[in-house]
>>> print(open('input.txt').read())   # compact mmCIF, C-alpha atoms
# COMPACT_ATOMS: atom_id res chain seq x y z
CA MET A 124 0.00 0.00 0.00
CA THR A 125 1.16 3.50 -0.84
CA THR A 126 -0.05 6.69 0.82
CA PHE A 127 -0.82 9.28 -1.85
CA VAL A 128 -1.60 12.97 -1.32
CA LEU A 129 -3.03 14.36 -4.58
CA VAL A 130 -2.77 18.11 -5.17
CA PRO A 131 -4.72 19.68 -8.07
CA GLY A 132 -3.43 22.45 -10.31
CA PHE A 133 -4.82 25.95 -10.72
CA TRP A 134 -8.58 26.56 -10.43
CA LEU A 135 -9.36 22.99 -9.26
CA GLY A 136 -10.27 21.26 -6.02
CA ALA A 137 -10.02 17.72 -4.68
CA TRP A 138 -12.96 16.84 -6.95
CA ALA A 139 -10.60 16.82 -9.94
CA TRP A 140 -9.01 13.62 -8.60
CA ASP A 141 -12.28 11.66 -8.13
CA ALA A 142 -11.69 9.09 -10.89
CA VAL A 143 -8.00 8.65 -10.04
CA THR A 144 -8.82 8.32 -6.35
CA SER A 145 -11.33 5.57 -7.12
CA GLU A 146 -8.76 3.65 -9.19
CA LEU A 147 -6.01 3.95 -6.58
CA THR A 148 -8.32 3.11 -3.68
CA ALA A 149 -9.56 0.03 -5.51
CA ALA A 150 -5.92 -1.03 -5.88
CA GLY A 151 -5.52 -0.89 -2.10
CA HIS A 152 -3.81 2.46 -1.65
CA ASP A 153 -4.47 5.16 0.98
CA VAL A 154 -5.44 8.25 -1.03
CA HIS A 155 -5.93 11.84 0.14
CA PRO A 156 -7.02 14.35 -2.54
CA VAL A 157 -6.61 17.95 -1.37
CA THR A 158 -8.46 21.21 -1.86
CA LEU A 159 -6.09 24.10 -1.20
CA THR A 160 -7.05 27.33 0.54
CA GLY A 161 -9.15 29.66 -1.62
CA LEU A 162 -10.30 27.09 -4.18
CA ALA A 163 -13.41 24.96 -4.87
CA GLU A 164 -15.35 24.39 -1.62
CA ARG A 165 -12.76 26.58 0.13
CA ALA A 166 -13.20 29.52 -2.26
CA ALA A 167 -14.61 31.69 0.54
CA GLU A 168 -11.21 31.49 2.27
CA ALA A 169 -9.48 33.35 -0.57
CA THR A 170 -7.79 36.58 0.52
CA PRO A 171 -4.95 38.69 -0.94
CA GLU A 172 -2.65 37.04 1.61
CA VAL A 173 -3.13 33.50 0.22
CA ASN A 174 0.12 32.47 -1.47
CA VAL A 175 2.50 29.55 -1.99
CA ASP A 176 3.39 29.45 1.71
CA THR A 177 -0.32 29.12 2.52
CA HIS A 178 -0.59 26.09 0.28
CA ILE A 179 2.60 24.54 1.65
CA ALA A 180 1.07 24.91 5.11
CA ASP A 181 -2.17 23.29 3.87
CA LEU A 182 -0.23 20.20 2.78
CA THR A 183 1.96 19.86 5.85
CA ARG A 184 -1.07 20.36 8.10
CA LEU A 185 -3.02 17.64 6.29
CA ILE A 186 -0.08 15.22 6.52
CA ALA A 187 0.35 15.96 10.24
CA THR A 188 -3.32 15.92 11.29
CA ARG A 189 -4.00 12.65 9.47
CA GLY A 190 -0.84 11.06 10.80
CA LEU A 191 0.44 10.19 7.33
CA ARG A 192 3.91 8.70 6.84
CA ASP A 193 6.12 7.89 3.85
CA VAL A 194 3.90 10.01 1.58
CA VAL A 195 3.99 10.08 -2.22
CA LEU A 196 3.06 13.72 -2.85
CA VAL A 197 1.55 14.27 -6.31
CA GLY A 198 1.23 17.76 -7.80
CA HIS A 199 -0.45 18.60 -11.10
CA SER A 200 0.44 21.70 -13.13
CA GLY A 201 0.45 24.81 -10.88
CA ALA A 202 0.63 22.63 -7.76
CA ASN A 203 4.33 22.22 -8.58
CA MET A 204 5.12 25.16 -6.28
CA PRO A 205 3.59 23.90 -3.01
CA VAL A 206 4.70 20.29 -3.50
CA THR A 207 8.25 21.47 -4.22
CA GLY A 208 8.10 23.63 -1.10
CA VAL A 209 7.07 20.66 1.04
CA ALA A 210 9.83 18.49 -0.47
CA ASP A 211 12.41 21.23 0.16
CA ARG A 212 11.37 22.12 3.70
CA PHE A 213 10.01 18.85 5.09
CA PRO A 214 11.74 16.02 3.19
CA GLU A 215 11.33 13.65 6.12
CA LEU A 216 7.56 13.52 5.44
CA LEU A 217 7.89 12.15 1.91
CA ARG A 218 8.84 8.98 0.13
CA ARG A 219 8.66 10.67 -3.27
CA VAL A 220 7.27 13.73 -5.03
CA VAL A 221 5.57 13.21 -8.40
CA TYR A 222 5.01 16.06 -10.86
CA VAL A 223 2.14 15.61 -13.36
CA ASP A 224 2.84 17.56 -16.57
CA THR A 225 4.91 20.05 -14.62
CA GLY A 226 8.17 20.23 -12.73
CA PRO A 227 10.09 22.14 -10.07
CA MET A 228 10.92 25.77 -10.71
CA PRO A 229 14.45 27.12 -10.25
CA SER A 230 15.03 28.99 -7.01
CA GLY A 231 13.61 32.51 -7.08
CA MET A 232 11.20 31.87 -9.96
CA ALA A 233 7.42 32.30 -9.59
CA ALA A 234 4.67 30.53 -11.51
CA ILE A 235 3.76 33.80 -13.21
CA ASP A 236 7.18 33.74 -14.89
CA PHE A 237 6.31 30.60 -16.83
CA ASN A 238 3.41 29.97 -19.23
CA ASP A 239 1.94 26.50 -18.89
CA PRO A 240 1.38 24.56 -22.15
CA LYS A 241 -2.09 25.30 -23.54
CA ALA A 242 -4.38 22.34 -24.10
CA GLN A 243 -7.94 21.92 -25.37
CA GLY A 244 -10.33 19.09 -24.57
CA GLU A 245 -13.86 17.95 -23.94
CA HIS A 246 -13.43 18.47 -20.20
CA LEU A 247 -13.02 22.25 -20.39
CA ARG A 248 -16.78 22.79 -19.90
CA ARG A 249 -16.64 20.90 -16.61
CA MET A 250 -13.65 22.96 -15.52
CA ARG A 251 -15.44 26.21 -16.39
CA THR A 252 -18.41 25.07 -14.31
CA ARG A 253 -16.53 23.80 -11.25
CA GLY A 254 -13.25 25.72 -11.42
CA THR A 255 -12.64 28.69 -9.12
CA PRO A 256 -10.42 31.78 -9.41
CA GLN A 257 -6.80 31.14 -8.39
CA PRO A 258 -5.49 33.22 -5.44
CA PHE A 259 -3.06 35.67 -7.03
CA GLY A 260 -0.36 35.27 -4.40
CA THR A 261 0.08 31.63 -5.35
CA VAL A 262 1.21 32.78 -8.80
CA THR A 263 3.42 35.73 -7.85
CA GLN A 264 5.35 34.25 -4.91
CA ALA A 265 8.65 32.57 -5.78
CA LEU A 266 10.31 29.80 -3.80
CA THR A 267 13.81 30.24 -2.45
CA ARG A 268 15.19 26.72 -2.58
CA PRO A 269 17.89 25.23 -0.33
CA ASP A 270 21.37 24.50 -1.62
CA PRO A 271 22.08 21.62 -1.63
CA LEU A 272 18.59 20.30 -2.27
CA PRO A 273 17.16 17.61 0.04
CA GLY A 274 17.39 14.14 -1.46
CA VAL A 275 13.67 13.49 -1.93
CA PRO A 276 13.20 11.07 -4.86
CA ALA A 277 11.25 12.84 -7.59
CA SER A 278 9.38 11.68 -10.69
CA MET A 279 7.51 13.42 -13.48
CA ILE A 280 4.62 12.13 -15.56
CA ALA A 281 4.73 14.12 -18.81
CA THR A 282 1.47 14.23 -20.76
CA THR A 283 1.72 17.08 -23.29
CA PHE A 284 5.36 16.48 -24.14
CA SER A 285 7.69 13.49 -24.12
CA PRO A 286 10.76 12.74 -21.97
CA GLU A 287 12.83 13.09 -25.15
CA GLN A 288 11.50 16.63 -25.61
CA VAL A 289 12.31 17.42 -21.97
CA HIS A 290 15.93 16.41 -22.52
CA ALA A 291 16.17 18.26 -25.85
CA ILE A 292 14.86 21.52 -24.35
CA ALA A 293 17.09 21.04 -21.29
CA ASP A 294 20.12 20.53 -23.53
CA ALA A 295 19.24 23.80 -25.29
CA GLY A 296 19.78 25.61 -22.00
CA ASN A 297 16.24 26.07 -20.61
CA PRO A 298 16.65 26.13 -16.79
CA ILE A 299 13.14 24.87 -16.04
CA PHE A 300 13.47 21.86 -18.30
CA ALA A 301 16.99 21.27 -16.99
CA ALA A 302 15.45 20.63 -13.57
CA MET A 303 12.77 18.39 -15.11
CA GLY A 304 15.43 16.43 -16.99
CA ARG A 305 17.00 15.32 -13.72
CA LEU A 306 13.77 13.62 -12.61
CA ASP A 307 12.63 10.03 -13.10
CA LEU A 308 10.59 10.61 -16.28
CA HIS A 309 7.44 8.79 -17.41
CA HIS A 310 5.19 9.44 -20.40
CA LEU A 311 1.38 9.36 -20.60
CA PRO A 312 0.38 10.85 -23.97
CA THR A 313 -2.82 12.87 -23.50
CA GLY A 314 -3.85 16.44 -22.65
CA HIS A 315 -2.74 18.66 -19.79
CA TRP A 316 -5.44 17.31 -17.44
CA PRO A 317 -4.85 13.51 -17.45
CA MET A 318 -7.02 13.07 -14.35
CA PHE A 319 -9.94 13.81 -16.69
CA SER A 320 -8.77 12.41 -20.03
CA ARG A 321 -6.92 9.28 -18.87
CA PRO A 322 -7.59 8.68 -15.16
CA ASP A 323 -7.00 4.94 -15.43
CA GLY A 324 -3.64 5.42 -17.13
CA LEU A 325 -2.60 8.08 -14.62
CA ALA A 326 -3.61 5.88 -11.68
CA ALA A 327 -1.66 2.95 -13.15
CA LEU A 328 1.47 5.08 -13.50
CA LEU A 329 1.09 6.46 -9.97
CA ASP A 330 0.70 2.89 -8.72
CA GLN A 331 3.94 1.98 -10.52
CA VAL A 332 5.87 5.04 -9.36
CA GLY A 333 4.59 4.67 -5.79
CA ALA A 334 5.86 1.10 -5.67
CA GLU A 335 9.39 2.13 -6.63
CA GLY A 336 10.23 2.85 -3.01
CA THR A 337 13.30 4.80 -2.07
CA GLY A 338 16.51 3.84 -3.81
CA GLU A 339 18.86 6.40 -5.35
CA PRO A 340 17.06 9.76 -5.33
CA SER A 341 16.59 12.07 -8.27
CA ARG A 342 16.86 15.53 -6.75
CA ALA A 343 14.04 17.87 -7.72
>>> encode(input="input.txt", output="structure tokens")
Amino acid sequence: MTTFVLVPGFWLGAWAWDAVTSELTAAGHDVHPVTLTGLAERAAEATPEVNVDTHIADLTRLIATRGLRDVVLVGHSGANMPVTGVADRFPELLRRVVYVDTGPMPSGMAAIDFNDPKAQGEHLRRMRTRGTPQPFGTVTQALTRPDPLPGVPASMIATTFSPEQVHAIADAGNPIFAAMGRLDLHHLPTGHWPMFSRPDGLAALLDQVGAEGTGEPSRA
């Protein structure tokens, strides 16, 4: 059994992980999808002060209050910032961090400095209906990362680009993709929201990655 904490990207709540949660739970895993402060059913908590630190605190509080151990922390898209923050500041809580179609930012870089790949799909209507505005501070706050980085094993599930493209862009000197290229890379060809378009495939890959245990870490 693996303990997963699933963190949705911008505009989404824990509901976005429903199908993946069902698949992982059926496989015998302990699964905790998260709604971060200011989003979905917690939209009323949004204030100008909500930022990346707020969301890091959300995750560490959930892990502590539920008594979770050896966590595989999964972050989709814009959730890369809080999951990286947890891995940097509280590495002892985690077995592995998994980035879904995203990766860790270089130290001092905010999400607003990087444009996510654009994707279209049949699930956009559902997102427009259930999505909520993203607290602005979570986009403008950068992370200052430790040096050296903690040795938390890290993986990435790329969905809108391939591992080969990650390495090619990294080799061209892009600092964001350079960090991604150091991760344990997996490929799930689909759109930017695989929890909607291929939840079974995403759950199967998470099951596989979660079973990899510790071993030699790839530093995020």
>>> residues_around(input="input.txt", residues="stretch 125-134 of chain A", least_positions_apart="5", cutoff="6 Å", atoms="only C-alpha atoms", output="mmCIF file with C-alpha atoms, keeping the file's coordinate frame")
data_model
loop_
_atom_site.group_PDB
_atom_site.id
_atom_site.type_symbol
_atom_site.label_atom_id
_atom_site.label_comp_id
_atom_site.auth_asym_id
_atom_site.auth_seq_id
_atom_site.Cartn_x
_atom_site.Cartn_y
_atom_site.Cartn_z
ATOM 1 C CA HIS A 152 -3.810 2.460 -1.650
ATOM 2 C CA ASP A 153 -4.470 5.160 0.980
ATOM 3 C CA VAL A 154 -5.440 8.250 -1.030
ATOM 4 C CA HIS A 155 -5.930 11.840 0.140
ATOM 5 C CA PRO A 156 -7.020 14.350 -2.540
ATOM 6 C CA VAL A 157 -6.610 17.950 -1.370
ATOM 7 C CA VAL A 194 3.900 10.010 1.580
ATOM 8 C CA VAL A 195 3.990 10.080 -2.220
ATOM 9 C CA LEU A 196 3.060 13.720 -2.850
ATOM 10 C CA VAL A 197 1.550 14.270 -6.310
ATOM 11 C CA GLY A 198 1.230 17.760 -7.800
ATOM 12 C CA HIS A 199 -0.450 18.600 -11.100
ATOM 13 C CA SER A 200 0.440 21.700 -13.130
ATOM 14 C CA GLY A 201 0.450 24.810 -10.880
ATOM 15 C CA ALA A 202 0.630 22.630 -7.760
ATOM 16 C CA GLY A 254 -13.250 25.720 -11.420
ATOM 17 C CA THR A 255 -12.640 28.690 -9.120
ATOM 18 C CA PRO A 256 -10.420 31.780 -9.410
ATOM 19 C CA GLN A 257 -6.800 31.140 -8.390
#
>>> closest_residue(input="input.txt", among="A:Gly226, A:Gly161, A:Pro322, A:Gly208", to="A:Asp307", atoms="all atoms listed in the file")
A:Gly226
>>> closest_residue(input="input.txt", among="A:Ala334, A:Leu185, A:Ala293, A:Leu306", to="A:Val209", atoms="only C-alpha atoms")
A:Leu185
>>> closest_residue(input="input.txt", among="A:Ile280, A:Val262, A:Leu325, A:Val221", to="A:His178", atoms="all atoms listed in the file")
A:Val262
>>> atom_distance(input="input.txt", atom1="atom CA of A:Thr158", atom2="atom CA of A:Thr207")
16.9 Å
>>> closest_residue(input="input.txt", among="A:Leu308, A:Val275, A:Leu216, A:Ala137", to="A:Ile186", atoms="only C-alpha atoms")
A:Leu216
>>> closest_residue(input="input.txt", among="A:Ala234, A:Ala277, A:Ala169, A:Met228", to="A:Gly333", atoms="all atoms listed in the file")
A:Ala277
>>> axis_aligned_box(input="input.txt", around="stretch 177-190 of chain A", padding_each_side="5 Å", output="AutoDock Vina command-line options")
--center_x -0.7 --center_y 20.1 --center_z 5.8 --size_x 16.6 --size_y 28.1 --size_z 21.0
>>> residues_near_point(input="input.txt", point="(-7.7, 17.3, -13.3)", cutoff="8 Å", atoms="all atoms listed in the file", output="MDAnalysis selection string")
chainID A and resid 131:132 135 139:140 199 316:319
>>> atom_distance(input="input.txt", atom1="atom CA of A:Ala326", atom2="atom CA of A:Arg268")
29.5 Å
>>> decode(input="input.txt", residues="stretch 126-152 of chain A", atoms="C-alpha atoms", output="compact mmCIF listing (two decimals), in the first residue's frame")
# COMPACT_ATOMS: atom_id res chain seq x y z
CA THR A 126 -0.05 6.69 0.82
CA PHE A 127 -0.82 9.28 -1.85
CA VAL A 128 -1.60 12.97 -1.32
CA LEU A 129 -3.03 14.36 -4.58
CA VAL A 130 -2.77 18.11 -5.17
CA PRO A 131 -4.72 19.68 -8.07
CA GLY A 132 -3.43 22.45 -10.31
CA PHE A 133 -4.82 25.95 -10.72
CA TRP A 134 -8.58 26.56 -10.43
CA LEU A 135 -9.36 22.99 -9.26
CA GLY A 136 -10.27 21.26 -6.02
CA ALA A 137 -10.02 17.72 -4.68
CA TRP A 138 -12.96 16.84 -6.95
CA ALA A 139 -10.60 16.82 -9.94
CA TRP A 140 -9.01 13.62 -8.60
CA ASP A 141 -12.28 11.66 -8.13
CA ALA A 142 -11.69 9.09 -10.89
CA VAL A 143 -8.00 8.65 -10.04
CA THR A 144 -8.82 8.32 -6.35
CA SER A 145 -11.33 5.57 -7.12
CA GLU A 146 -8.76 3.65 -9.19
CA LEU A 147 -6.01 3.95 -6.58
CA THR A 148 -8.32 3.11 -3.68
CA ALA A 149 -9.56 0.03 -5.51
CA ALA A 150 -5.92 -1.03 -5.88
CA GLY A 151 -5.52 -0.89 -2.10
CA HIS A 152 -3.81 2.46 -1.65
